[in-house]
file model_9.txt (compact mmCIF, C-alpha atoms)
# COMPACT_ATOMS: atom_id res chain seq x y z
CA ASN A 1 -3.89 -33.31 -33.15
CA SER A 2 -2.83 -30.06 -31.48
CA ASN A 3 -0.96 -29.91 -28.21
CA GLN A 4 -2.33 -26.44 -27.36
CA PHE A 5 -5.64 -25.16 -26.03
CA SER A 6 -7.04 -21.68 -25.36
CA ALA A 7 -10.02 -20.83 -23.18
CA LYS A 8 -11.68 -17.44 -23.65
CA ASP A 9 -14.06 -15.26 -21.62
CA LEU A 10 -12.91 -16.61 -18.26
CA ASP A 11 -13.87 -14.73 -15.09
CA ILE A 12 -11.16 -12.42 -13.76
CA GLY A 13 -9.73 -13.54 -10.44
CA GLN A 14 -11.37 -16.97 -10.66
CA GLU A 15 -9.39 -20.13 -9.94
CA TYR A 16 -9.72 -22.86 -12.57
CA THR A 17 -8.53 -26.43 -12.98
CA PHE A 18 -7.83 -27.80 -16.42
CA ARG A 19 -7.08 -31.48 -16.99
CA VAL A 20 -5.59 -32.83 -20.21
CA PHE A 21 -6.18 -36.43 -21.26
CA VAL A 22 -4.43 -38.38 -24.00
CA GLY A 23 -6.44 -40.48 -26.43
CA ILE A 24 -6.15 -42.74 -29.39
CA ASN A 25 -8.99 -44.00 -31.62
CA ASP A 26 -11.70 -42.38 -29.41
CA VAL A 27 -10.31 -44.03 -26.25
CA PHE A 28 -8.81 -41.78 -23.53
CA GLU A 29 -6.47 -42.62 -20.71
CA THR A 30 -8.20 -42.05 -17.36
CA ASN A 31 -5.84 -40.00 -15.19
CA GLY A 32 -4.85 -36.98 -17.24
CA LEU A 33 -2.63 -34.18 -15.99
CA ALA A 34 -4.20 -31.22 -14.18
CA ILE A 35 -3.12 -27.65 -13.64
CA ASN A 36 -4.69 -25.04 -11.34
CA PHE A 37 -4.43 -21.30 -11.90
CA LYS A 38 -6.20 -18.00 -11.36
CA THR A 39 -7.05 -15.54 -14.10
CA LEU A 40 -5.49 -12.14 -13.54
CA GLU A 41 -6.24 -8.50 -14.19
CA PRO A 42 -3.56 -5.83 -14.64
CA PRO A 43 -2.64 -3.72 -11.62
CA LYS A 44 -4.83 -0.63 -11.25
CA LYS A 45 -3.77 2.96 -10.56
CA LEU A 46 -0.12 2.64 -11.56
CA ARG A 47 1.39 5.97 -10.50
CA LEU A 48 4.60 7.79 -9.71
CA ILE A 49 5.71 8.27 -6.13
CA SER A 50 8.63 10.04 -4.48
CA PRO A 51 11.50 9.99 -4.89
CA ILE A 52 11.89 11.12 -8.48
CA THR A 53 15.44 12.30 -9.06
CA SER A 54 17.83 12.62 -11.99
CA SER A 55 18.51 8.86 -11.85
CA GLN A 56 15.55 7.16 -10.13
CA ILE A 57 11.77 6.85 -10.31
CA GLY A 58 9.32 5.44 -7.77
CA LEU A 59 6.28 3.40 -8.91
CA LYS A 60 3.24 2.32 -6.91
CA TRP A 61 0.07 0.41 -7.83
CA ASN A 62 -2.99 -1.05 -6.15
CA PRO A 63 -2.72 -4.72 -5.19
CA VAL A 64 -4.44 -7.28 -7.42
CA LYS A 65 -6.51 -9.61 -5.26
CA SER A 66 -5.81 -12.77 -7.25
CA ALA A 67 -2.08 -12.08 -7.79
CA ASN A 68 0.77 -13.31 -5.61
CA CYS A 69 3.60 -11.56 -7.50
CA TYR A 70 4.35 -8.77 -9.97
CA LYS A 71 6.71 -8.22 -12.90
CA ILE A 72 8.23 -4.80 -13.62
CA GLU A 73 9.52 -4.02 -17.11
CA MET A 74 10.97 -1.04 -18.96
CA LYS A 75 10.67 -0.36 -22.70
CA VAL A 76 14.04 -0.52 -24.40
CA ASP A 77 14.81 2.56 -26.54
CA ASN A 78 14.22 2.18 -30.28
CA GLU A 79 13.10 -1.42 -29.89
CA ASN A 80 9.65 -2.90 -29.76
CA ARG A 81 10.26 -4.92 -26.63
CA PHE A 82 10.31 -4.62 -22.87
CA LYS A 83 13.26 -5.51 -20.65
CA GLU A 84 12.49 -7.25 -17.36
CA ILE A 85 13.64 -5.27 -14.36
CA LEU A 86 12.21 -7.59 -11.73
CA THR A 87 9.99 -10.69 -11.52
CA GLU A 88 8.38 -12.54 -8.61
CA TYR A 89 8.11 -9.17 -6.80
CA LYS A 90 5.77 -9.32 -3.79
CA ASN A 91 5.20 -5.62 -2.95
CA THR A 92 3.15 -2.88 -4.64
CA LYS A 93 5.78 -0.15 -4.80
CA TYR A 94 9.26 -0.15 -6.25
CA ILE A 95 12.06 2.35 -6.86
CA ILE A 96 13.99 1.97 -10.11
CA TYR A 97 17.61 3.18 -9.89
CA GLY A 98 20.29 3.88 -12.48
CA LEU A 99 18.16 5.68 -15.06
CA GLN A 100 19.46 8.32 -17.47
CA SER A 101 18.75 11.88 -16.46
CA GLY A 102 16.02 13.75 -18.34
CA ILE A 103 14.96 10.72 -20.41
CA SER A 104 11.35 9.54 -20.62
CA ASN A 105 10.87 5.82 -20.08
CA LEU A 106 7.85 3.56 -20.50
CA PHE A 107 7.33 1.17 -17.57
CA ARG A 108 4.92 -1.77 -17.36
CA VAL A 109 3.78 -3.64 -14.25
CA SER A 110 2.03 -7.01 -14.71
CA SER A 111 0.31 -9.11 -12.09
CA GLY A 112 1.27 -12.74 -11.71
CA TYR A 113 0.27 -15.97 -10.06
CA ASN A 114 2.96 -18.55 -9.30
CA GLY A 115 5.34 -16.99 -11.83
CA VAL A 116 2.89 -16.74 -14.75
CA TYR A 117 1.98 -13.15 -15.67
CA GLU A 118 -1.02 -11.58 -17.36
CA THR A 119 -0.17 -10.13 -20.75
CA LEU A 120 -1.66 -6.62 -20.69
CA GLY A 121 -0.01 -4.99 -17.70
CA SER A 122 -0.43 -1.38 -16.66
CA GLU A 123 1.86 1.16 -18.30
CA ILE A 124 3.13 4.60 -17.35
CA ILE A 125 5.55 7.03 -18.97
CA ALA A 126 7.91 8.68 -16.51
CA CYS A 127 10.82 11.05 -16.83
CA THR A 128 13.68 11.46 -14.41
CA LEU A 129 14.07 15.06 -13.30
CA GLU A 130 17.09 17.25 -12.80
CA ASN A 131 17.18 19.53 -9.79
CA VAL A 132 16.45 23.22 -10.25
CA LYS A 133 19.65 25.11 -11.02
CA GLU A 134 20.48 28.79 -11.20
CA LEU A 135 17.98 29.93 -8.57
CA LYS A 136 18.15 33.71 -8.39
CA ILE A 137 16.29 36.70 -7.02
CA ASN A 138 14.86 38.93 -9.75
CA LYS A 139 13.16 41.51 -7.57
CA ILE A 140 13.08 42.24 -3.86
CA SER A 141 11.37 44.88 -1.73
CA SER A 142 10.22 45.20 1.86
CA SER A 143 7.31 42.78 1.36
CA LEU A 144 7.93 41.06 -1.99
CA ILE A 145 10.42 38.71 -3.53
CA GLU A 146 10.45 37.39 -7.08
CA LEU A 147 12.45 34.23 -7.83
CA GLU A 148 13.51 32.72 -11.13
CA TRP A 149 15.19 29.43 -12.04
CA ASN A 150 16.04 27.38 -15.10
CA LYS A 151 13.28 25.29 -16.69
CA VAL A 152 13.63 21.59 -15.98
CA GLN A 153 12.97 19.31 -18.96
CA GLY A 154 10.03 16.97 -18.28
CA ALA A 155 8.68 18.93 -15.29
CA SER A 156 4.93 19.58 -15.37
CA PHE A 157 4.95 21.87 -12.32
CA TYR A 158 7.18 23.41 -9.67
CA SER A 159 6.59 23.70 -5.96
CA VAL A 160 8.11 26.50 -3.89
CA GLN A 161 8.42 26.06 -0.16
CA GLN A 162 8.34 29.21 1.95
CA ARG A 163 9.55 29.15 5.52
CA LYS A 164 9.91 32.06 7.92
CA ILE A 165 13.17 32.04 9.85
CA LEU A 166 12.67 33.32 13.34
CA ASN A 167 15.54 35.28 14.82
CA ASP A 168 15.87 34.99 18.55
CA LYS A 169 16.76 38.50 19.77
CA LYS A 170 17.96 38.59 23.35

call {"tool": "encode", "arguments": {"input": "model_9.txt", "output": "structure tokens"}}
result
Amino acid sequence: NSNQFSAKDLDIGQEYTFRVFVGINDVFETNGLAINFKTLEPPKKLRLISPITSSQIGLKWNPVKSANCYKIEMKVDNENRFKEILTEYKNTKYIIYGLQSGISNLFRVSSGYNGVYETLGSEIIACTLENVKELKINKISSSLIELEWNKVQGASFYSVQQRKILNDKK
């Protein structure tokens, strides 16, 4: 006499109809109540995109064919739960603002269909980044320059842009 049912091993991305009938003494009512839904897979290739600053992070993921919305969540520090940032989101990239500088955060994006979301989601750890500070020249000669800057917590690499400034001599 349970009012719950679970179906396992359903095909991902497949639309299903389930109909529930009520019965008593082996006799069932004839109409039942039906619900349609699609099974969902988590978004694939969740990744960071620009801009990443001291207070914001950009996320992007591949669209899920059977989904019509997404939910974005962030793990709450020292708790075993996620906080919803956004639900019913229709795009596949999002910029999260107002983050603490230099702090790693765990983000989860779940695919949804008509406001119901799959339970696994895709997760990524991301850290906001401070700008480089204290840029200085260590060594300079006629054809060489050596630069140094402070290490930025959470950075896995640095990129240096070199541009030649042309002086117009008239």

call {"tool": "closest_residue", "arguments": {"input": "model_9.txt", "among": "A:Ile57, A:Ile52, A:Leu129, A:Leu40", "to": "Ile95 of chain A", "atoms": "all atoms listed in the file"}}
result
A:Ile57

call {"tool": "closest_residue", "arguments": {"input": "model_9.txt", "among": "A:Tyr89, A:Lys133, A:Val27, A:Lys164", "to": "Trp149 of chain A", "atoms": "all atoms listed in the file"}}
result
A:Lys133

call {"tool": "atom_distance", "arguments": {"input": "model_9.txt", "atom1": "atom CA of Lys90 of chain A", "atom2": "atom CA of Leu33 of chain A"}}
result
28.9 Å

call {"tool": "closest_residue", "arguments": {"input": "model_9.txt", "among": "A:Ser111, A:Asn80, A:Ser104, A:Met74", "to": "Gly13 of chain A", "atoms": "all atoms listed in the file"}}
result
A:Ser111

call {"tool": "residues_around", "arguments": {"input": "model_9.txt", "residues": "Glu123 of chain A", "least_positions_apart": "3", "cutoff": "8 Å", "atoms": "only C-alpha atoms", "output": "list in words"}}
result
Leu46, Leu106, Phe107, Arg108 and Val109 of chain A

call {"tool": "write_last_selection", "arguments": {"input": "model_9.txt", "atoms": "C-alpha atoms", "output": "short mmCIF file (atom, residue, chain, number, x, y, z; two decimals), keeping the file's coordinate frame"}}
result
data_model
loop_
_atom_site.label_atom_id
_atom_site.label_comp_id
_atom_site.auth_asym_id
_atom_site.auth_seq_id
_atom_site.Cartn_x
_atom_site.Cartn_y
_atom_site.Cartn_z
CA LEU A 46 -0.12 2.64 -11.56
CA LEU A 106 7.85 3.56 -20.50
CA PHE A 107 7.33 1.17 -17.57
CA ARG A 108 4.92 -1.77 -17.36
CA VAL A 109 3.78 -3.64 -14.25
#

call {"tool": "closest_residue", "arguments": {"input": "model_9.txt", "among": "A:Ala67, A:Leu99, A:Leu147, A:Ile125", "to": "Ile85 of chain A", "atoms": "all atoms listed in the file"}}
result
A:Leu99
